[in-house]
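Student: Okay, handing you the structure first.
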Protein chains: 2
Amino acid sequence: MNKKIVLRDDEIPRQWFNIIPDLPGGLAPPLDPETKEPIGPEKLAAVFPMGLLEQEMSPHRYIDIPDEVLDLLMIWRPTPLVRATNLEAALKTKAKIYFKNEGVSPVGSHKPNSAVAQAYYNKREGVKRLTTETGAGQWGSALSLATNKFGLQCVVYMVKISFEQKPYRKSIMQTYGARVVPSPSLETNTGRMMLDKLGDTPGSLGIAISEALEDAATHDDTKYALGSVLNHVVHHQTIIGLEAKKQMAMTGDFPDVIVGCCGGGSNFAGLAVPFVPDHLDGKTIRFVGAEPASCPTMTGGTLAYDFGDTAQTTPLLYMYTLGHDFIPPGIHAGGLRYHGMSPIVSALVRDKIVDPMQLPQTECFAAGVMFAKTEGIIPAPETCHAIAGVIREATREPEKPQTILFNFSGHGLIDMASYDKYYAGELFDYEYPAEAIAKSIAGLPSV
Amino acid sequence: MNKKIVLRDDEIPRQWFNIIPDLPGGLAPPLDPETKEPIGPEKLAAVFPMGLLEQEMSPHRYIDIPDEVLDLLMIWRPTPLVRATNLEAALKTKAKIYFKNEGVSPVGSHKPNSAVAQAYYNKREGVKRLTTETGAGQWGSALSLATNKFGLQCVVYMVKISFEQKPYRKSIMQTYGARVVPSPSLETNTGRMMLDKLGDTPGSLGIAISEALEDAATHDDTKYALGSVLNHVVHHQTIIGLEAKKQMAMTGDFPDVIVGCCGGGSNFAGLAVPFVPDHLDGKTIRFVGAEPASCPTMTGGTLAYDFGDTAQTTPLLYMYTLGHDFIPPGIHAGGLRYHGMSPIVSALVRDKIVDPMQLPQTECFAAGVMFAKTEGIIPAPETCHAIAGVIREATREPEKPQTILFNFSGHGLIDMASYDKYYAGELFDYEYPAEAIAKSIAGLPSV
């Protein structure tokens, strides 16, 4: 029985896919928050290298992957596509379920797909130092891995509560040579202001983004890296879907349903968007973006221009958002606690191509345990959301012969504390935060 | 650049290799501790299934791998062989360095190679429940994964200090449905006796083995599983070396040096022994078994009959041993803290085929950090010993063109607490425990 479909190294995709030219309704440009006019690359060049800004705004459907990037990606890529036959049997479904296993990267998630590319373009343009933020630590680990390989310094502003509660992730970043700073810190004006204002605060992703941006903007040799949301990050992640297309072709099956979990949107989009042209060409595919009920950006938010961070320092992005002031409850899938959504994914939701699905966290952990017991691999809490979505899809009409493909975005070996809480009955499903969302959305910037 | 050499699923070895018929000096049989006569399978059948005992004593060079076992192994196998070009460059060595990446299994180590086979043979013979011990938790995780797949119950006696200090491993086992019992426990006579005698003790592997054995011996439907040392475990692990031989052939290189870390010996032997016949046929290969200076079984112990556990309940095995009373210092490579050594590896040391090498732990962690920074993958503390050995081999005569192959037995993502201690300067190298070894060896059973 051939459960696992593997590509040879020489079958790895050599170009990233850019869905923007194919978006039926187009993509609204990012705006300068001061002028409310479309922002030009020159203004963004203070914090991003031109190579990435060109990709961010590229009109081309395909972008060549540099050899130096491919060399590093091939440490773990191409990743396996696996038929989840045991999960299918346990669910008593006629659906075929396939997953793309992105957990095989050295840091256990899909994040290095973009981190390697971002480090490369910064290095190529003479940048010496990269700053970023990290919540749970997946993105920070990935960027630390990548910057180390290209000889760049890396400073990671890590949300203070994670810094204290997730020491393993911090140590992983340090092992790759990164400096990890608990945020808010004394190293930036934003950090000092927040410490003055809030005292002993657990920190937030919004503050950490502002600190990382300020650090980059105030150091000549330094730029900033973001692990999701932006177009170029989505492009880099399409290597997942491009590989999956080749692998699905080897099975003789074609996906009727594609599922991924959505925080900023990049792992879901990375798998899904290479299949969007097939859908537009007439192959019916249901694209399901699984998001937490407690941070329901696509299902409970609104499509509007908003800041990417709490301190309102980023350009305005046109996206589904819960408002930049929205503070999600402390659910255990830290990677999904973001108020916004990638503009590309947002456009696909608007165009009725992507169907968002809202999931409570206990259902997700139950799905994750079922997956571990059937397929043998323990999923990250974020990935559990995708699996819960798959289970809903596969069991709604169990007799329906259909093919479901999902992104196994990362393993959960470093997230076992969350499983412990689940086993101990200490995890619960938050009430839908209707009031907080309404209040936060009322504070959206006027455009 | 093709750093990674991958086999297709259909190239996976379909037989395990048994080195025993090729051992120049043969293998001394295990003895009944009461009669001091060779022990027969009927006496061992109380705790092991006949399928494994047949393998333990098999005269055949090859043993078929059942399809049910192969199906599960193929969740992550064949594993990649990787050329460590960046490590080579950092070491300024002309040596080519290859590693077999066993860290890609769902629990992050080579351990499931045997766990899956052991669970299968127990299941086939109607066993309902398996017991085992675990120190650091790698073996317990692997057996939990395997028993779950075959629908067996699993009880893991986990050394109490690890149970408390390594909660992630415990949660992994629970996720796979195992019951994890801190040892010493109230569930066995040995456990109760030890609690009476020692009070609030951190426990030891020796006690945990005794508890797991007693549990198996006193329950009809229950047998016992061991994660290293025994012949059948070594056989199961040869799939590593058999794959590596095929992969090395694809590179056009052949190993001059083969390195692995040695606790009970199974990961080292798994890689090494399929190459031993080549060595005996005239290809000079240096086999290096890397062991901790603080638990120097092969370099500081003696070759003698000894018990596998502290409570003297196992058969007597002819092996290098520090004496069953030896308590190794609490080094951070828990998987290497064992007083004995696989009889197969011991015979290879006796026959001057394997060269043991003693390594202090700080040198090993430094090697691990160097590997993480060059090759991108963070090694487990045990694996760091192999890497430190490789670095010594590759830099002794850096101009020498030679090929070094080592076993990357597991990743360190769940062991970051040890790295933290290393970074904090809290790890030191223990003095060679000469007095403790002498005292313990004086207590060896007379045969």
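Labels used: A, B, ... for chains in the order of the structure tokens, numbers from 1 for residues in each chain, and numbers from 1 for ligands as shown.
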Can you tell me, as a PyMOL selection string, what residues are no more than 10 Å from segment 191-195 of chain A when counting only C-alpha atoms, ignoring any on the same chain fewer than 5 positions away?
Tutor: chain A and resi 182-186+200-201+203+207-208+210-212+214
Student: With all heavy atoms retained, export the selected residues as a compact mmCIF listing (two decimals), in the first residue's frame.
Tutor:
```
# COMPACT_ATOMS: atom_id res chain seq x y z
N PRO A 182 12.24 39.63 25.00
CA PRO A 182 10.83 39.61 25.44
C PRO A 182 10.20 40.98 25.19
O PRO A 182 10.81 42.00 25.50
CB PRO A 182 10.91 39.29 26.93
CG PRO A 182 12.31 39.61 27.35
CD PRO A 182 13.18 39.54 26.13
N SER A 183 9.01 40.97 24.61
CA SER A 183 8.34 42.22 24.24
C SER A 183 7.08 42.42 25.07
O SER A 183 6.31 41.48 25.22
CB SER A 183 7.99 42.18 22.75
OG SER A 183 7.08 43.20 22.42
N PRO A 184 6.82 43.61 25.61
CA PRO A 184 7.53 44.87 25.38
C PRO A 184 8.90 44.91 26.07
O PRO A 184 9.06 44.34 27.15
CB PRO A 184 6.59 45.93 25.96
CG PRO A 184 5.68 45.20 26.89
CD PRO A 184 5.58 43.81 26.37
N SER A 185 9.84 45.59 25.42
CA SER A 185 11.21 45.64 25.90
C SER A 185 11.64 47.09 26.14
O SER A 185 10.92 48.04 25.78
CB SER A 185 12.14 45.02 24.87
OG SER A 185 12.33 45.93 23.79
N LEU A 186 12.82 47.24 26.70
CA LEU A 186 13.37 48.58 26.90
C LEU A 186 14.15 49.04 25.66
O LEU A 186 14.73 50.13 25.66
CB LEU A 186 14.30 48.59 28.12
CG LEU A 186 13.58 48.42 29.47
CD1 LEU A 186 14.58 48.17 30.60
CD2 LEU A 186 12.74 49.66 29.78
N ASP A 200 3.59 45.58 34.28
CA ASP A 200 3.96 44.18 34.06
C ASP A 200 2.94 43.50 33.14
O ASP A 200 2.07 42.78 33.60
CB ASP A 200 4.05 43.46 35.41
CG ASP A 200 4.56 42.04 35.21
OD1 ASP A 200 5.24 41.78 34.20
OD2 ASP A 200 4.25 41.19 36.07
N THR A 201 3.07 43.74 31.84
CA THR A 201 2.10 43.21 30.87
C THR A 201 2.60 41.92 30.23
O THR A 201 3.81 41.74 30.09
CB THR A 201 1.85 44.26 29.75
OG1 THR A 201 1.14 43.64 28.68
CG2 THR A 201 3.17 44.79 29.20
N GLY A 203 2.32 41.36 27.20
CA GLY A 203 2.68 41.70 25.83
C GLY A 203 1.63 41.23 24.84
O GLY A 203 0.65 40.58 25.21
N ILE A 207 2.16 44.74 19.81
CA ILE A 207 3.29 45.50 20.37
C ILE A 207 4.61 44.97 19.79
O ILE A 207 5.49 45.75 19.42
CB ILE A 207 3.31 45.38 21.91
CG1 ILE A 207 2.01 45.95 22.51
CG2 ILE A 207 4.52 46.11 22.49
CD1 ILE A 207 1.83 45.65 24.00
N ALA A 208 4.71 43.67 19.70
CA ALA A 208 5.96 43.07 19.20
C ALA A 208 6.22 43.48 17.76
O ALA A 208 7.37 43.77 17.37
CB ALA A 208 5.90 41.55 19.34
N SER A 210 5.24 46.26 16.36
CA SER A 210 5.66 47.67 16.40
C SER A 210 7.12 47.79 16.83
O SER A 210 7.88 48.59 16.28
CB SER A 210 4.77 48.45 17.37
OG SER A 210 3.42 48.34 17.00
N GLU A 211 7.53 46.98 17.80
CA GLU A 211 8.93 47.04 18.25
C GLU A 211 9.88 46.61 17.14
O GLU A 211 10.91 47.24 16.90
CB GLU A 211 9.12 46.16 19.48
CG GLU A 211 8.50 46.73 20.74
CD GLU A 211 9.22 46.24 21.99
OE1 GLU A 211 8.85 45.15 22.48
OE2 GLU A 211 10.15 46.92 22.46
N ALA A 212 9.53 45.53 16.46
CA ALA A 212 10.40 45.02 15.39
C ALA A 212 10.49 46.02 14.25
O ALA A 212 11.56 46.25 13.67
CB ALA A 212 9.89 43.67 14.89
N GLU A 214 10.02 49.32 14.47
CA GLU A 214 10.76 50.49 14.93
C GLU A 214 12.26 50.21 14.91
O GLU A 214 13.06 51.04 14.46
CB GLU A 214 10.31 50.88 16.34
CG GLU A 214 11.02 52.13 16.86
CD GLU A 214 10.66 52.42 18.32
OE1 GLU A 214 9.51 52.17 18.72
OE2 GLU A 214 11.56 52.91 19.05
```
Student: Using 6 Å as the limit and counting only C-alpha atoms, can you tabulate each residue of chain B that touches chain A, with its shortest atom-to-atom distance in Å and the two atoms involved, as JSON lines?
Tutor:
```
{"residue": "B:Pro106", "atom": "CA", "partner": "A:Ile377", "partner_atom": "CA", "distance": 5.2}
{"residue": "B:Tyr168", "atom": "CA", "partner": "A:Met416", "partner_atom": "CA", "distance": 5.2}
{"residue": "B:Ser171", "atom": "CA", "partner": "A:Met416", "partner_atom": "CA", "distance": 6.0}
{"residue": "B:Tyr176", "atom": "CA", "partner": "A:Lys373", "partner_atom": "CA", "distance": 5.6}
{"residue": "B:Lys373", "atom": "CA", "partner": "A:Tyr176", "partner_atom": "CA", "distance": 5.5}
{"residue": "B:Ile377", "atom": "CA", "partner": "A:Pro106", "partner_atom": "CA", "distance": 5.2}
{"residue": "B:Met416", "atom": "CA", "partner": "A:Tyr168", "partner_atom": "CA", "distance": 5.3}
```
Student: For segment 258-266 of chain A, please output as a list of chain:residue names all residues within 6 Å (counting only C-alpha atoms; exclusion window: fewer than 3 positions along the same chain).
Tutor: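 Listed by chain and then number, they are A:Ser228, A:Val229, A:Val234, A:Ala269, A:Gly270, A:Phe287, A:Val288, A:Gly289, A:Ala290, A:Glu291, A:Gly335, A:Leu336, A:Tyr338, A:Met341, A:Ser342, A:His385, A:Ala386, A:Ile404, A:Leu405, A:Phe406, A:Asn407.
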Student: Could you write out the selected residues, including N, CA and C atoms, as a short mmCIF file (atom, residue, chain, number, x, y, z; two decimals), in the first residue's frame?
Tutor:
```cif
data_model
loop_
_atom_site.label_atom_id
_atom_site.label_comp_id
_atom_site.auth_asym_id
_atom_site.auth_seq_id
_atom_site.Cartn_x
_atom_site.Cartn_y
_atom_site.Cartn_z
N SER A 228 3.63 36.11 7.63
CA SER A 228 2.38 35.74 6.97
C SER A 228 1.77 36.99 6.35
N VAL A 229 0.52 36.96 6.00
CA VAL A 229 -0.31 38.09 5.60
C VAL A 229 0.08 38.67 4.22
N VAL A 234 2.77 34.74 0.81
CA VAL A 234 1.86 33.78 0.16
C VAL A 234 2.54 33.16 -1.06
N ALA A 269 -3.21 29.51 2.05
CA ALA A 269 -3.09 30.02 0.68
C ALA A 269 -2.00 29.28 -0.07
N GLY A 270 -0.91 28.95 0.65
CA GLY A 270 0.20 28.26 -0.01
C GLY A 270 -0.24 26.96 -0.65
N PHE A 287 -12.84 25.40 -1.34
CA PHE A 287 -11.69 25.82 -0.56
C PHE A 287 -12.16 26.22 0.83
N VAL A 288 -11.70 25.52 1.86
CA VAL A 288 -12.18 25.77 3.23
C VAL A 288 -11.06 26.34 4.08
N GLY A 289 -11.24 27.56 4.54
CA GLY A 289 -10.28 28.20 5.46
C GLY A 289 -10.78 28.04 6.88
N ALA A 290 -10.06 27.26 7.69
CA ALA A 290 -10.50 26.94 9.05
C ALA A 290 -9.91 27.94 10.03
N GLU A 291 -10.79 28.61 10.75
CA GLU A 291 -10.30 29.61 11.71
C GLU A 291 -10.95 29.39 13.07
N GLY A 335 -0.69 30.64 16.77
CA GLY A 335 -0.47 31.07 15.40
C GLY A 335 -1.74 31.54 14.71
N LEU A 336 -2.90 31.31 15.32
CA LEU A 336 -4.16 31.74 14.70
C LEU A 336 -4.75 32.97 15.39
N TYR A 338 -4.68 36.28 15.27
CA TYR A 338 -4.33 37.50 14.57
C TYR A 338 -5.62 38.18 14.12
N MET A 341 -6.29 39.23 8.09
CA MET A 341 -6.16 38.09 7.19
C MET A 341 -5.48 38.55 5.92
N SER A 342 -4.61 37.73 5.41
CA SER A 342 -3.91 38.03 4.16
C SER A 342 -4.85 38.66 3.13
N HIS A 385 -6.97 22.66 13.73
CA HIS A 385 -8.13 23.35 13.15
C HIS A 385 -8.41 22.84 11.73
N ALA A 386 -7.33 22.66 10.96
CA ALA A 386 -7.52 22.12 9.60
C ALA A 386 -8.11 20.72 9.67
N ILE A 404 -10.43 14.90 -0.46
CA ILE A 404 -10.14 16.06 0.39
C ILE A 404 -8.64 16.16 0.57
N LEU A 405 -8.10 17.34 0.36
CA LEU A 405 -6.67 17.59 0.52
C LEU A 405 -6.50 18.66 1.59
N PHE A 406 -5.62 18.40 2.57
CA PHE A 406 -5.40 19.48 3.54
C PHE A 406 -3.92 19.67 3.83
N ASN A 407 -3.63 20.84 4.39
CA ASN A 407 -2.25 21.18 4.72
C ASN A 407 -1.98 20.82 6.18
#
```
Student: Please, what distance in Å, to one decimal, runs between atom CA of Cys384 of chain A and atom CA of Ala333 of chain A?
Tutor: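 These atoms are spaced 8.7 Å apart.
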Student: Residues within 12 Å of Leu53 of chain A, please, as an NGL selection string. Count only C-alpha atoms; anything in the same chain fewer than 4 positions from it doesn't count.
Tutor: :A and (39-49 or 57-59 or 118 or 121-122 or 225 or 230-233)
Student: Considering only strand (DSSP E) as DSSP defines it on the backbone, what residues of segment 76-118 of chain B qualify? List them as a PyMOL selection string.
Tutor: chain B and resi 81-83+96-101
Student: Could you save the residues just selected, with C-alpha atoms, as a tab-separated table (two decimals), in the first residue's frame?
Tutor:
```
chain	number	residue	atom	x	y	z
B	81	LEU	CA	20.78	10.25	3.63
B	82	VAL	CA	22.27	13.75	3.61
B	83	ARG	CA	25.70	15.06	2.69
B	96	LYS	CA	33.00	13.92	3.06
B	97	ILE	CA	30.43	13.67	5.84
B	98	TYR	CA	27.09	11.92	5.35
B	99	PHE	CA	24.35	11.42	7.89
B	100	LYS	CA	21.31	9.18	7.97
B	101	ASN	CA	18.44	11.29	9.30
```
Student: Using only C-alpha atoms for the distances, tell me which of B:Thr403, B:Ser114, B:Asp64, B:Ile441 is nearest to Thr85 of chain B.
Tutor: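 Using only C-alpha atoms, Thr85 of chain B sits closest to B:Thr403.
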Student: Give the answer as one residue: which of A:Glu164, A:Glu187, A:Glu243, A:Asp221 has the shortest atom-to-atom distance to Glu11 of chain A, using only C-alpha atoms?
Tutor: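 Of all the options, A:Glu243 lies closest to Glu11 of chain A.
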Student: Within 12 Å of Gly126 of chain B, counting only C-alpha atoms, which residues qualify if same-chain residues fewer than 2 places away don't, as a compact mmCIF listing (two decimals) with all heavy atoms, in the first residue's frame?
Tutor:
```
# COMPACT_ATOMS: atom_id res chain seq x y z
N PHE B 48 8.41 -12.37 26.63
CA PHE B 48 8.55 -11.99 25.22
C PHE B 48 7.75 -12.94 24.34
O PHE B 48 7.66 -14.13 24.63
CB PHE B 48 10.02 -12.04 24.78
CG PHE B 48 10.90 -11.01 25.42
CD1 PHE B 48 11.90 -11.38 26.32
CD2 PHE B 48 10.75 -9.66 25.12
CE1 PHE B 48 12.73 -10.43 26.90
CE2 PHE B 48 11.57 -8.70 25.70
CZ PHE B 48 12.56 -9.08 26.60
N PRO B 49 7.20 -12.45 23.23
CA PRO B 49 6.49 -13.35 22.31
C PRO B 49 7.49 -14.22 21.54
O PRO B 49 8.64 -13.82 21.34
CB PRO B 49 5.76 -12.39 21.36
CG PRO B 49 6.61 -11.16 21.36
CD PRO B 49 7.20 -11.05 22.74
N MET B 50 7.03 -15.38 21.10
CA MET B 50 7.92 -16.33 20.45
C MET B 50 8.51 -15.78 19.16
O MET B 50 9.67 -16.04 18.83
CB MET B 50 7.14 -17.63 20.18
CG MET B 50 8.02 -18.87 20.07
SD MET B 50 9.29 -19.05 21.36
CE MET B 50 8.27 -19.49 22.79
N GLY B 51 7.74 -14.95 18.45
CA GLY B 51 8.25 -14.37 17.20
C GLY B 51 9.52 -13.57 17.42
O GLY B 51 10.43 -13.61 16.59
N ALA B 119 5.60 -4.42 18.63
CA ALA B 119 4.15 -4.39 18.81
C ALA B 119 3.47 -5.40 17.88
O ALA B 119 2.55 -6.12 18.28
CB ALA B 119 3.62 -2.97 18.56
N TYR B 120 3.96 -5.49 16.65
CA TYR B 120 3.37 -6.41 15.67
C TYR B 120 3.44 -7.86 16.16
O TYR B 120 2.44 -8.58 16.16
CB TYR B 120 4.07 -6.27 14.32
CG TYR B 120 3.73 -7.40 13.38
CD1 TYR B 120 2.52 -7.43 12.71
CD2 TYR B 120 4.61 -8.47 13.20
CE1 TYR B 120 2.19 -8.47 11.87
CE2 TYR B 120 4.29 -9.52 12.36
CZ TYR B 120 3.08 -9.53 11.69
OH TYR B 120 2.75 -10.57 10.87
N TYR B 121 4.62 -8.31 16.57
CA TYR B 121 4.76 -9.73 16.96
C TYR B 121 3.96 -10.04 18.22
O TYR B 121 3.43 -11.14 18.38
CB TYR B 121 6.24 -10.10 17.13
CG TYR B 121 6.94 -10.22 15.80
CD1 TYR B 121 7.78 -9.23 15.34
CD2 TYR B 121 6.74 -11.34 14.99
CE1 TYR B 121 8.42 -9.33 14.10
CE2 TYR B 121 7.36 -11.46 13.76
CZ TYR B 121 8.20 -10.45 13.31
OH TYR B 121 8.80 -10.56 12.10
N ASN B 122 3.88 -9.09 19.12
CA ASN B 122 3.05 -9.30 20.30
C ASN B 122 1.57 -9.42 19.92
O ASN B 122 0.86 -10.30 20.39
CB ASN B 122 3.26 -8.17 21.31
CG ASN B 122 4.48 -8.40 22.18
OD1 ASN B 122 4.45 -9.24 23.08
ND2 ASN B 122 5.57 -7.71 21.89
N LYS B 123 1.13 -8.50 19.05
CA LYS B 123 -0.25 -8.53 18.59
C LYS B 123 -0.57 -9.88 17.92
O LYS B 123 -1.61 -10.48 18.19
CB LYS B 123 -0.46 -7.38 17.60
CG LYS B 123 -1.80 -7.38 16.90
CD LYS B 123 -2.91 -6.98 17.85
CE LYS B 123 -4.24 -6.89 17.12
NZ LYS B 123 -5.30 -6.46 18.05
N ARG B 124 0.36 -10.32 17.08
CA ARG B 124 0.14 -11.56 16.31
C ARG B 124 -0.05 -12.75 17.23
O ARG B 124 -0.73 -13.72 16.90
CB ARG B 124 1.34 -11.79 15.39
CG ARG B 124 1.04 -12.65 14.19
CD ARG B 124 2.30 -12.97 13.40
NE ARG B 124 3.29 -13.68 14.21
CZ ARG B 124 4.43 -14.20 13.72
NH1 ARG B 124 4.72 -14.04 12.45
NH2 ARG B 124 5.28 -14.83 14.51
N LYS B 128 -2.35 -8.66 24.72
CA LYS B 128 -3.28 -7.53 24.75
C LYS B 128 -2.62 -6.25 25.29
O LYS B 128 -3.13 -5.14 25.08
CB LYS B 128 -4.48 -7.85 25.68
CG LYS B 128 -5.25 -9.10 25.28
CD LYS B 128 -6.31 -8.78 24.25
CE LYS B 128 -7.17 -10.01 23.91
NZ LYS B 128 -6.81 -10.58 22.61
N ARG B 129 -1.51 -6.43 25.99
CA ARG B 129 -0.99 -5.32 26.79
C ARG B 129 0.53 -5.44 26.81
O ARG B 129 1.07 -6.54 27.00
CB ARG B 129 -1.57 -5.49 28.19
CG ARG B 129 -1.50 -4.32 29.11
CD ARG B 129 -2.39 -4.62 30.34
NE ARG B 129 -2.00 -3.78 31.46
CZ ARG B 129 -1.08 -4.09 32.35
NH1 ARG B 129 -0.45 -5.24 32.29
NH2 ARG B 129 -0.79 -3.25 33.33
N LEU B 130 1.23 -4.34 26.58
CA LEU B 130 2.69 -4.33 26.65
C LEU B 130 3.13 -3.38 27.75
O LEU B 130 2.57 -2.30 27.92
CB LEU B 130 3.30 -3.87 25.32
CG LEU B 130 3.61 -4.93 24.26
CD1 LEU B 130 4.26 -4.28 23.04
CD2 LEU B 130 4.53 -6.01 24.83
N PHE B 150 -1.46 -0.94 16.64
CA PHE B 150 -1.89 -2.34 16.60
C PHE B 150 -2.98 -2.64 17.63
O PHE B 150 -3.29 -3.81 17.88
CB PHE B 150 -0.68 -3.26 16.82
CG PHE B 150 0.22 -3.34 15.61
CD1 PHE B 150 1.47 -2.77 15.61
CD2 PHE B 150 -0.23 -3.98 14.45
CE1 PHE B 150 2.29 -2.84 14.49
CE2 PHE B 150 0.58 -4.06 13.32
CZ PHE B 150 1.84 -3.48 13.33
N GLY B 151 -3.51 -1.60 18.25
CA GLY B 151 -4.62 -1.82 19.18
C GLY B 151 -4.25 -2.52 20.47
O GLY B 151 -5.08 -3.20 21.08
N LEU B 152 -3.00 -2.39 20.89
CA LEU B 152 -2.57 -2.95 22.18
C LEU B 152 -2.61 -1.87 23.25
O LEU B 152 -2.35 -0.71 22.97
CB LEU B 152 -1.12 -3.46 22.08
CG LEU B 152 -0.81 -4.59 21.12
CD1 LEU B 152 0.70 -4.74 20.97
CD2 LEU B 152 -1.42 -5.89 21.66
N ASP B 220 -1.41 -12.25 32.73
CA ASP B 220 -1.46 -13.25 31.66
C ASP B 220 -1.43 -12.67 30.26
O ASP B 220 -0.82 -13.23 29.36
CB ASP B 220 -2.75 -14.09 31.79
CG ASP B 220 -2.52 -15.29 32.69
OD1 ASP B 220 -1.34 -15.51 33.04
OD2 ASP B 220 -3.50 -15.97 33.02
N ASP B 221 -2.12 -11.58 30.09
CA ASP B 221 -2.29 -11.03 28.74
C ASP B 221 -1.21 -10.02 28.39
O ASP B 221 -1.31 -9.33 27.38
CB ASP B 221 -3.66 -10.35 28.65
CG ASP B 221 -3.82 -9.24 29.69
OD1 ASP B 221 -2.92 -9.10 30.56
OD2 ASP B 221 -4.83 -8.52 29.63
N THR B 222 -0.16 -9.95 29.21
CA THR B 222 0.80 -8.86 29.11
C THR B 222 2.20 -9.38 28.84
O THR B 222 2.61 -10.38 29.41
CB THR B 222 0.79 -8.07 30.44
OG1 THR B 222 -0.52 -7.57 30.67
CG2 THR B 222 1.79 -6.91 30.39
N LYS B 223 2.92 -8.70 27.95
CA LYS B 223 4.34 -8.98 27.79
C LYS B 223 5.12 -7.68 27.91
O LYS B 223 4.55 -6.61 28.12
CB LYS B 223 4.60 -9.72 26.47
CG LYS B 223 3.94 -11.10 26.43
CD LYS B 223 4.71 -12.10 25.64
CE LYS B 223 4.00 -13.44 25.56
NZ LYS B 223 3.99 -14.17 26.86
```
Student: In Å to one decimal, how far is atom CA of Thr190 of chain B from atom CA of Met319 of chain B?
Tutor: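 Computing the Euclidean distance for atom CA of Met319 of chain B and atom CA of Thr190 of chain B yields 25.1 Å.
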Student: So which residues of segment 206-334 of chain A fall under alpha helix (DSSP H) by DSSP, listed as JSON, numbers by chain?
Tutor: {"A": [206, 207, 208, 209, 210, 211, 212, 213, 214, 215, 216, 217, 231, 232, 233, 234, 235, 236, 237, 238, 239, 240, 241, 242, 243, 244, 245, 246, 247, 248, 249, 250, 251, 266, 267, 268, 269, 270, 271, 272, 276, 277, 278, 279, 280, 297, 298, 299, 300]}
Student: Any chance you could export the current selection's C-alpha atoms as an mmCIF file, in the first residue's frame?
Tutor:
```cif
data_model
loop_
_atom_site.group_PDB
_atom_site.id
_atom_site.type_symbol
_atom_site.label_atom_id
_atom_site.label_comp_id
_atom_site.auth_asym_id
_atom_site.auth_seq_id
_atom_site.Cartn_x
_atom_site.Cartn_y
_atom_site.Cartn_z
ATOM 1 C CA GLY A 206 0.676 44.013 18.040
ATOM 2 C CA ILE A 207 3.293 45.498 20.369
ATOM 3 C CA ALA A 208 5.960 43.073 19.203
ATOM 4 C CA ILE A 209 5.336 43.984 15.541
ATOM 5 C CA SER A 210 5.659 47.668 16.403
ATOM 6 C CA GLU A 211 8.929 47.044 18.246
ATOM 7 C CA ALA A 212 10.399 45.021 15.393
ATOM 8 C CA LEU A 213 9.333 47.644 12.851
ATOM 9 C CA GLU A 214 10.761 50.493 14.928
ATOM 10 C CA ASP A 215 14.033 48.627 15.363
ATOM 11 C CA ALA A 216 14.298 48.111 11.594
ATOM 12 C CA ALA A 217 13.324 51.666 10.755
ATOM 13 C CA ASN A 231 1.598 38.807 -0.812
ATOM 14 C CA HIS A 232 5.240 37.764 -1.062
ATOM 15 C CA VAL A 233 4.830 35.421 1.896
ATOM 16 C CA VAL A 234 1.865 33.782 0.157
ATOM 17 C CA HIS A 235 3.899 33.465 -3.057
ATOM 18 C CA HIS A 236 6.720 31.705 -1.172
ATOM 19 C CA GLN A 237 4.266 29.289 0.406
ATOM 20 C CA THR A 238 2.793 28.273 -2.971
ATOM 21 C CA ILE A 239 5.609 25.765 -3.248
ATOM 22 C CA ILE A 240 3.371 23.630 -1.014
ATOM 23 C CA GLY A 241 0.492 23.653 -3.466
ATOM 24 C CA LEU A 242 2.707 23.359 -6.538
ATOM 25 C CA GLU A 243 4.288 20.218 -5.139
ATOM 26 C CA ALA A 244 0.874 18.926 -4.093
ATOM 27 C CA LYS A 245 -0.445 19.351 -7.649
ATOM 28 C CA LYS A 246 2.325 17.147 -9.009
ATOM 29 C CA GLN A 247 1.755 14.599 -6.268
ATOM 30 C CA MET A 248 -2.038 14.546 -6.678
ATOM 31 C CA ALA A 249 -1.486 13.906 -10.376
ATOM 32 C CA MET A 250 0.589 10.853 -9.427
ATOM 33 C CA THR A 251 -2.358 9.471 -7.426
ATOM 34 C CA SER A 266 -0.138 31.893 4.358
ATOM 35 C CA ASN A 267 -0.177 28.134 4.940
ATOM 36 C CA PHE A 268 -3.751 27.818 3.697
ATOM 37 C CA ALA A 269 -3.086 30.022 0.683
ATOM 38 C CA GLY A 270 0.196 28.263 -0.013
ATOM 39 C CA LEU A 271 -1.623 24.999 -0.552
ATOM 40 C CA ALA A 272 -4.810 26.407 -2.038
ATOM 41 C CA VAL A 276 -7.545 28.313 -7.873
ATOM 42 C CA PRO A 277 -6.926 28.562 -11.658
ATOM 43 C CA ASP A 278 -8.256 24.991 -12.014
ATOM 44 C CA HIS A 279 -11.369 26.067 -10.135
ATOM 45 C CA LEU A 280 -11.766 29.141 -12.326
ATOM 46 C CA THR A 297 -11.504 37.052 11.249
ATOM 47 C CA MET A 298 -13.270 35.881 8.087
ATOM 48 C CA THR A 299 -16.525 34.687 9.616
ATOM 49 C CA GLY A 300 -16.974 37.465 12.151
#
```
